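With mmCIF, C-alpha atoms inside, this is my_file07.cif:
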data_data
#
loop_
_atom_site.label_atom_id
_atom_site.label_comp_id
_atom_site.auth_asym_id
_atom_site.auth_seq_id
_atom_site.Cartn_x
_atom_site.Cartn_y
_atom_site.Cartn_z
CA MET A 1113 -18.51 17.28 101.56
CA SER A 1114 -19.27 13.62 102.19
CA ALA A 1115 -22.50 11.81 101.37
CA ILE A 1116 -24.28 10.13 104.29
CA LEU A 1117 -26.65 7.17 104.13
CA GLU A 1118 -28.66 6.67 107.32
CA ASN A 1119 -30.73 3.70 108.43
CA GLU A 1120 -32.10 2.33 111.71
CA LEU A 1121 -28.71 0.85 112.66
CA GLY A 1122 -26.63 3.97 112.12
CA ALA A 1123 -25.00 6.01 109.36
CA ILE A 1124 -22.57 5.30 106.56
CA THR A 1125 -20.38 8.14 105.33
CA PHE A 1126 -19.02 7.97 101.78
CA THR A 1127 -16.16 10.37 101.06
CA ASP A 1128 -16.12 12.31 97.81
CA ASP A 1129 -12.83 10.58 96.91
CA TYR A 1130 -14.43 7.14 97.18
CA ILE A 1131 -17.42 8.14 95.04
CA ALA A 1132 -15.15 9.88 92.51
CA SER A 1133 -12.95 6.78 92.19
CA LEU A 1134 -16.03 4.60 91.72
CA VAL A 1135 -17.37 6.97 89.04
CA GLY A 1136 -14.00 7.09 87.24
CA MET A 1137 -13.73 3.30 87.08
CA ALA A 1138 -17.34 2.90 85.90
CA ALA A 1139 -16.95 5.57 83.21
CA THR A 1140 -13.70 4.22 81.79
CA ASP A 1141 -15.25 0.76 81.43
CA CYS A 1142 -17.74 2.20 78.91
CA TYR A 1143 -17.10 1.63 75.21
CA GLY A 1144 -15.54 4.60 73.43
CA VAL A 1145 -14.02 6.21 76.51
CA VAL A 1146 -10.24 6.58 76.25
CA GLY A 1147 -9.86 7.89 79.80
CA MET A 1148 -10.59 10.62 82.29
CA ALA A 1149 -9.40 14.19 81.82
CA SER A 1150 -8.22 16.56 84.51
CA GLN A 1151 -10.81 19.18 85.36
CA GLN A 1152 -8.12 21.69 86.38
CA LYS A 1153 -5.45 21.34 83.68
CA MET A 1154 -6.92 22.39 80.37
CA ALA A 1155 -3.94 24.37 79.08
CA ASP A 1156 -4.01 25.54 75.47
CA GLY A 1157 -7.09 23.43 74.73
CA ILE A 1158 -5.23 20.16 75.35
CA ALA A 1159 -6.78 17.81 77.88
CA GLU A 1160 -4.50 15.86 80.21
CA LEU A 1161 -5.23 12.13 80.13
CA LEU A 1162 -5.22 10.84 83.71
CA GLY A 1163 -3.76 7.54 84.82
CA ARG A 1164 -5.81 4.92 86.66
CA ASP A 1165 -4.64 6.21 90.06
CA ASN A 1166 -5.88 9.73 89.35
CA TYR A 1167 -9.40 9.11 88.02
CA LYS A 1168 -10.91 11.04 90.90
CA ARG A 1169 -9.26 14.24 89.58
CA GLY A 1170 -11.57 13.99 86.56
CA VAL A 1171 -14.75 13.84 88.67
CA LYS A 1172 -16.59 16.47 90.65
CA ILE A 1173 -19.07 15.36 93.34
CA GLU A 1174 -21.70 17.61 94.91
CA THR A 1175 -23.90 16.44 97.79
CA ASN A 1176 -27.40 17.93 97.99
CA SER A 1177 -29.30 18.68 101.20
CA ASP A 1178 -31.53 15.62 100.61
CA HIS A 1179 -28.41 13.36 100.60
CA SER A 1180 -28.59 12.79 96.85
CA ILE A 1181 -25.50 13.47 94.79
CA LYS A 1182 -24.70 15.29 91.56
CA ILE A 1183 -21.82 14.01 89.47
CA GLN A 1184 -19.84 15.87 86.83
CA LEU A 1185 -17.13 13.99 84.97
CA PHE A 1186 -14.58 14.97 82.37
CA ILE A 1187 -13.71 12.40 79.71
CA ILE A 1188 -11.66 11.88 76.56
CA VAL A 1189 -13.40 9.86 73.84
CA GLN A 1190 -12.27 7.77 70.88
CA TYR A 1191 -12.61 9.40 67.44
CA GLY A 1192 -15.26 7.94 65.15
CA ILE A 1193 -17.73 6.79 67.80
CA SER A 1194 -21.00 8.59 68.44
CA ILE A 1195 -20.51 10.95 71.37
CA VAL A 1196 -24.22 10.80 72.16
CA ALA A 1197 -24.06 6.99 72.43
CA ILE A 1198 -20.95 7.17 74.62
CA VAL A 1199 -22.47 9.76 76.96
CA ASP A 1200 -25.79 7.87 77.24
CA SER A 1201 -23.85 4.74 78.17
CA ILE A 1202 -21.76 6.60 80.74
CA ILE A 1203 -24.77 8.24 82.38
CA SER A 1204 -26.69 5.00 82.80
CA THR A 1205 -23.63 2.99 83.88
CA VAL A 1206 -22.39 5.55 86.41
CA LYS A 1207 -25.85 6.09 87.88
CA TYR A 1208 -26.42 2.32 88.22
CA GLN A 1209 -22.96 1.58 89.67
CA VAL A 1210 -23.05 4.36 92.27
CA GLU A 1211 -26.59 3.60 93.38
CA ASN A 1212 -25.90 -0.16 93.46
CA PHE A 1213 -22.61 0.05 95.41
CA THR A 1214 -23.55 2.82 97.86
CA GLY A 1215 -27.34 2.91 98.16
CA LEU A 1216 -27.23 6.67 97.58
CA THR A 1217 -29.49 8.42 95.09
CA VAL A 1218 -27.83 10.01 92.06
CA SER A 1219 -29.86 13.05 91.06
CA ASN A 1220 -27.78 14.15 88.08
CA VAL A 1221 -24.83 13.00 85.95
CA ASP A 1222 -23.20 15.62 83.71
CA VAL A 1223 -20.54 14.54 81.22
CA VAL A 1224 -18.00 17.01 79.80
CA VAL A 1225 -16.15 15.76 76.72
CA SER A 1226 -12.73 17.38 77.14
CA GLY A 1227 -11.01 15.82 74.17
CA ILE A 1228 -10.96 13.30 71.35
CA ARG A 1229 -8.17 10.81 70.73
CA VAL A 1230 -7.37 9.69 67.21
CA GLN A 1231 -5.71 6.30 66.93
CA ALA A 1232 -2.77 6.26 64.53
CA ASP A 1233 -2.57 2.96 62.63
#
Go ahead and express the file in the form of structure tokens.
Amino acid sequence: MSAILENELGAITFTDDYIASLVGMAATDCYGVVGMASQQKMADGIAELLGRDNYKRGVKIETNSDHSIKIQLFIIVQYGISIVAIVDSIISTVKYQVENFTGLTVSNVDVVVSGIRVQAD
């Protein structure tokens, strides 16, 4: 379902794909985030790291009756960094970016940590 922003001049319709891509880019710019994880493919407890073109597969958008949106995103984080700090950063960044770019109200941002990547040195 698409989100609609109405004003005195007309209506703007934002597709879920557009919002999901915007959320994916904002989330992956946050420190400690390795990438987005697929919400469908969680085989054997191993999260699939999505490429830049597929970020929207790691985001779920739900439009409420009051035209606000709920966002759920699936991420993979870097080992050794506070998950609470990463998630707080993601929530504030995603909420700000979506509201700033679209004018829509974000009612809720849920972050699911699907995996942790350990860097081999």
Self-check item: Long-range neighbours of Ala1139 in chain A as an MDAnalysis selection string, 10 Å cut-off, only C-alpha atoms, 2 positions minimum in chain
Solution: chainID A and resid 1133:1137 1141:1148 1167 1185:1187 1198:1199 1201:1206 1209 1223
Next, write the just-selected residues to a file, as a compact mmCIF listing (two decimals), in the coordinates of the input, keeping C-alpha atoms as the atom set.
# COMPACT_ATOMS: atom_id res chain seq x y z
CA SER A 1133 -12.95 6.78 92.19
CA LEU A 1134 -16.03 4.60 91.72
CA VAL A 1135 -17.37 6.97 89.04
CA GLY A 1136 -14.00 7.09 87.24
CA MET A 1137 -13.73 3.30 87.08
CA ASP A 1141 -15.25 0.76 81.43
CA CYS A 1142 -17.74 2.20 78.91
CA TYR A 1143 -17.10 1.63 75.21
CA GLY A 1144 -15.54 4.60 73.43
CA VAL A 1145 -14.02 6.21 76.51
CA VAL A 1146 -10.24 6.58 76.25
CA GLY A 1147 -9.86 7.89 79.80
CA MET A 1148 -10.59 10.62 82.29
CA TYR A 1167 -9.40 9.11 88.02
CA LEU A 1185 -17.13 13.99 84.97
CA PHE A 1186 -14.58 14.97 82.37
CA ILE A 1187 -13.71 12.40 79.71
CA ILE A 1198 -20.95 7.17 74.62
CA VAL A 1199 -22.47 9.76 76.96
CA SER A 1201 -23.85 4.74 78.17
CA ILE A 1202 -21.76 6.60 80.74
CA ILE A 1203 -24.77 8.24 82.38
CA SER A 1204 -26.69 5.00 82.80
CA THR A 1205 -23.63 2.99 83.88
CA VAL A 1206 -22.39 5.55 86.41
CA GLN A 1209 -22.96 1.58 89.67
CA VAL A 1223 -20.54 14.54 81.22
Quiz prompt | Residue members of the PyMOL selection byres ((chain A and resi 1116-1124) around 8) in the file shown, as a list in words | solution = Ser1114, Ala1115, Thr1125, Phe1126, His1179, Gly1215 and Leu1216 of chain A
Self-check item: Within 8 Å of range 1191-1197 of chain A using all atoms listed in the file, minus same-chain residues under 6 positions, as a ChimeraX atom specification
Solution: /A:1144,1228-1231
What would the file look like if the residues just selected were written as a PDB file, keeping the file's coordinate frame with C-alpha atoms?
ATOM      1  CA  GLY A1144     -15.540   4.600  73.430  1.00  0.00           C
ATOM      2  CA  ILE A1228     -10.960  13.300  71.350  1.00  0.00           C
ATOM      3  CA  ARG A1229      -8.170  10.810  70.730  1.00  0.00           C
ATOM      4  CA  VAL A1230      -7.370   9.690  67.210  1.00  0.00           C
ATOM      5  CA  GLN A1231      -5.710   6.300  66.930  1.00  0.00           C
TER       6      GLN A1231
END
Quiz item: CA of Glu1211 in chain A and CA of Ala1149 in chain A, how far apart in Å?
Solution: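 Between these atoms lies a distance of 23.3 Å.
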Practice problem: One decimal, Å: what's the distance from CA of Asp1178 in chain A over to CA of Ala1138 in chain A, could you say? | Solution: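 Separating CA of Asp1178 in chain A from CA of Ala1138 in chain A is a distance of 24.1 Å.
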Quiz item: So what do you get for CA of Asn1176 in chain A versus CA of Asp1129 in chain A, distance-wise?
Solution: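 Separation between CA of Asn1176 in chain A and CA of Asp1129 in chain A: 16.4 Å.
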